[in-house]
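Visitor: Attaching a single structure in structure tokens format; questions to follow.
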Amino acid sequence: MLLDLAVRNVTGEISHDEVSQRLREHHGDNLYDEPQNKLNGGDEIIPPDSPKIDEIEEYNRKLRTALYAELDKKKYRKKVKMKALTYTAPGRFELIEKPKPEIIDPKDAVVRVTLSSICSSDLHILHGAVPQAEVGITVGHELVGIVESVGSEVSKVKPGDRVAVNVETFCGECFYCKRGYVNNCTSGGWMLGCRIDGGQAEYVRVPYADNGLTPIPDNVSDEQALFVGDILATGYWAAKISEISEEDTVLIIGAGPTGLCTLECVQLYKPRQIVVCEADKSRRHFVRQHYPNVKVLEPTKCLEVLKSLTEGRGADRVIEVAGGEETFELAWRCARPNAIVTIVALYEKEQILPLPWMYGKNLTFKTGGVDACDCDKIMQLISEGKIDTTHLITHRYPLSRIQEAYDLFASRADNVIKTAIHPD
């Protein structure tokens, strides 16, 4: 007991007063009458010339030795390092060593990362287009792993569980969370890899773990589950808020990773027609190869062909995922009157909403960050074989070569769609 109290006192876990109080509770108030001449906190006062004084000194020597050994262990634990891709300055990410994360709140979990990926939002941080991103954070918010440790108030997962990590941090209790608007949680939102350390690392701490972690079923691989917490959650949310019916013609602008995940989720609603508009030739080919029942168009022909498909009306639902310089305007121009236009894209420049030109179209716009609170449902759909995004993973890299993966992803070289980053 005394050794434990001494170690916890020296490391700052408990105060001197707490040590004194606990010793009094254990040994009684007379412990401190003549502490230098007491043996193990007993009642017997030892005279200075007693032979037992040697026994006391030997006990104290052993106590000091054990104390130093425990302190050395704690120092070693504090020095445990991991590799983490870090936002060191606008325009620069560096793979550096950082302390391994630890539980700091009872609702936390620490996850050992087994697979992560690069998102276009990471590129926006790199380019300085995300003002809330904090220099010094570990980037990355798209990952799966194995639970290493949990706080005392975590009940959904336990050490050893395979999990997908949610892009959103949310408490589940505030005004917004109770209504499903978890992106605007008063204690969270997009934090992981933006305002707190993310998952392009060997380990990550996940706050509100009962909300932020989705267990992976045994019949679902890491690659199948990799996108659940981010781009699949985004695609599912976009399709959900677009209010798609089986009579609708749905236009998806952008066939990048998020656009393709949106396509996977739009298919669940079985609309009459799905049209994908994509500027990149190789990505148009990718869509035709993997989704043969989808109409694929280039931007210059999009409006004309849509009108021919819809008796001149335009799309009933438009989901803008590309975030290009002209794709926002393309989205509202391709929408029929009284359509819903859902903006998923994150733009690096301000967009213009030309209301005089839109007057009379009576469009409904839905925009913003994903409310990623349907991850359990998405994981179930994957387990049932209704969603499969493994074909999006076109390149794989170890963490030590993640900068190469970024260069590839940013340049869209070698027909890349998504990269998977695994531990070395």
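Residues in the structure tokens are named by chain (A, B, ... in the order shown) and by number from 1 within that chain; ligands are numbered from 1 in the order shown.
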Compile the contact shell of A:Arg195 as a ChimeraX atom specification: residues with an atom at most 9 Å away, counting only C-alpha atoms, same-chain residues fewer than 6 positions apart removed.
Guide: /A:132-135,137
Visitor: Let me see the file: selected residues, N, CA and C atoms, as a tab-separated table (two decimals), in the first residue's frame.
Guide:
```tsv
chain	number	residue	atom	x	y	z
A	132	GLN	N	-10.53	25.56	-39.18
A	132	GLN	CA	-10.54	25.02	-37.82
A	132	GLN	C	-9.47	23.97	-37.57
A	133	ALA	N	-8.79	23.51	-38.62
A	133	ALA	CA	-7.73	22.51	-38.44
A	133	ALA	C	-6.56	23.11	-37.66
A	134	GLU	N	-6.10	22.40	-36.67
A	134	GLU	CA	-5.06	22.90	-35.77
A	134	GLU	C	-3.70	22.33	-36.16
A	135	VAL	N	-2.74	23.23	-36.33
A	135	VAL	CA	-1.37	22.80	-36.60
A	135	VAL	C	-0.87	21.94	-35.43
A	137	ILE	N	-1.78	18.65	-35.12
A	137	ILE	CA	-2.60	17.45	-34.96
A	137	ILE	C	-2.15	16.35	-35.91
```
Visitor: When you look at stretch 92-97 of chain A with a cut-off of 8 Å (counting only C-alpha atoms), what residues show up, excluding the ones that are within fewer than 3 positions of it in the same chain? I need them as number ranges by chain.
Guide: A: 81-89, 126, 400
Visitor: List as a list in words the protein and nucleic acid residues near A:Gly172, meaning an atom at most 12 Å away when only C-alpha atoms are counted, but skip any in the same chain fewer than 4 places from it.
Guide: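 Non-adjacent residues within range: Lys107, Glu168, Tyr176, Cys177, Lys178, Arg179, Gly180, Tyr181, Val182, Asn183, Asn184, Cys185, Thr186, Ser187, Gly188, Gly189, Pro207, Tyr208, Ala209, Asp210, Asn211, Gly212, Asp371, Ala372 and Cys373 of chain A.
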Visitor: Smallest atom-to-atom distance to A:Ala279: which of A:Glu304, A:Asp105, A:Glu264, A:Glu325, using only C-alpha atoms?
Guide: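 Residue with the minimum atom-to-atom distance to A:Ala279: A:Glu325.
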Visitor: Pick out the closest residue to A:Asp414 from this set: A:Gly256, A:Ser121, A:Cys302, A:Ser282. Count only C-alpha atoms.
Guide: A:Ser282
Visitor: What is the atom CA of A:Val344-atom CA of A:Ala238 distance in Å, reported with one decimal?
Guide: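 Interatomic distance, atom CA of A:Val344 to atom CA of A:Ala238: 6.9 Å.
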Visitor: Which residues come within 7 Å of stretch 329-336 of chain A, counting only C-alpha atoms, excluding same-chain residues fewer than 4 positions away, as a PyMOL selection string?
Guide: chain A and resi 303+313-318+320+341
Visitor: If you count only C-alpha atoms, which residues fall within 8 Å of A:Cys277, apart from same-chain ones fewer than 6 positions away, as a ChimeraX atom specification?
Guide: /A:251-255,296-299,302
Visitor: For the atom pair atom CA of A:Leu226 and atom CA of A:Pro271, what is the interatomic distance in Å to one decimal place?
Guide: 26.6 Å
Visitor: With distances taken over only C-alpha atoms, which residue among A:Ala420, A:Ala109, A:Cys265, A:Leu192 lies nearest A:Glu404?
Guide: A:Ala420
Visitor: Could you tell me which of A:Ile146, A:Leu408, A:Ala413, A:Ala239 comes closest to A:Lys366 if we count only C-alpha atoms?
Guide: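 Of all the options, A:Ala239 lies closest to A:Lys366.
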Visitor: If we count only C-alpha atoms, what is near A:Arg396 at a cut-off of 10 Å, once residues fewer than 6 positions away on the same chain are taken out, given as a ChimeraX atom specification?
Guide: /A:115,117,402,405,418-422
Visitor: Go through stretch 167-383 of chain A and collect every residue that DSSP, computed from the backbone, puts in strand (DSSP E or B); the answer should be as a ChimeraX atom specification.
Guide: /A:169,189,192,196,201,203-206,213-215,249-253,273-277,295-297,315-320,335-343,364-367
Visitor: Which residue is closest to A:Ile241? Choose from A:Ala129, A:Asp376, A:Thr262, A:Val111 and count only C-alpha atoms.
Guide: A:Thr262
Visitor: Given the choices A:Met379, A:Ile352, A:Val144, A:Ile417, which gets closest to A:Leu232 if the distance is worked out from only C-alpha atoms?
Guide: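 The answer is A:Met379, which sits nearest to A:Leu232.
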Visitor: For the helix (DSSP H, G or I) assignment from backbone DSSP, which residues of stretch 169-316 of chain A qualify? Please present them as a ChimeraX atom specification.
Guide: /A:175-178,182-184,209-212,222-225,231-241,257-269,281-290,299-309
Visitor: Near A:Ser120, within 9 Å and counting only C-alpha atoms, which residues show up once chain neighbours fewer than 6 positions away are dropped, as a list in words?
Guide: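 Once the adjacent positions are removed, what remains is Pro257, Thr258, Leu346, Phe409 and Ala410 of chain A.
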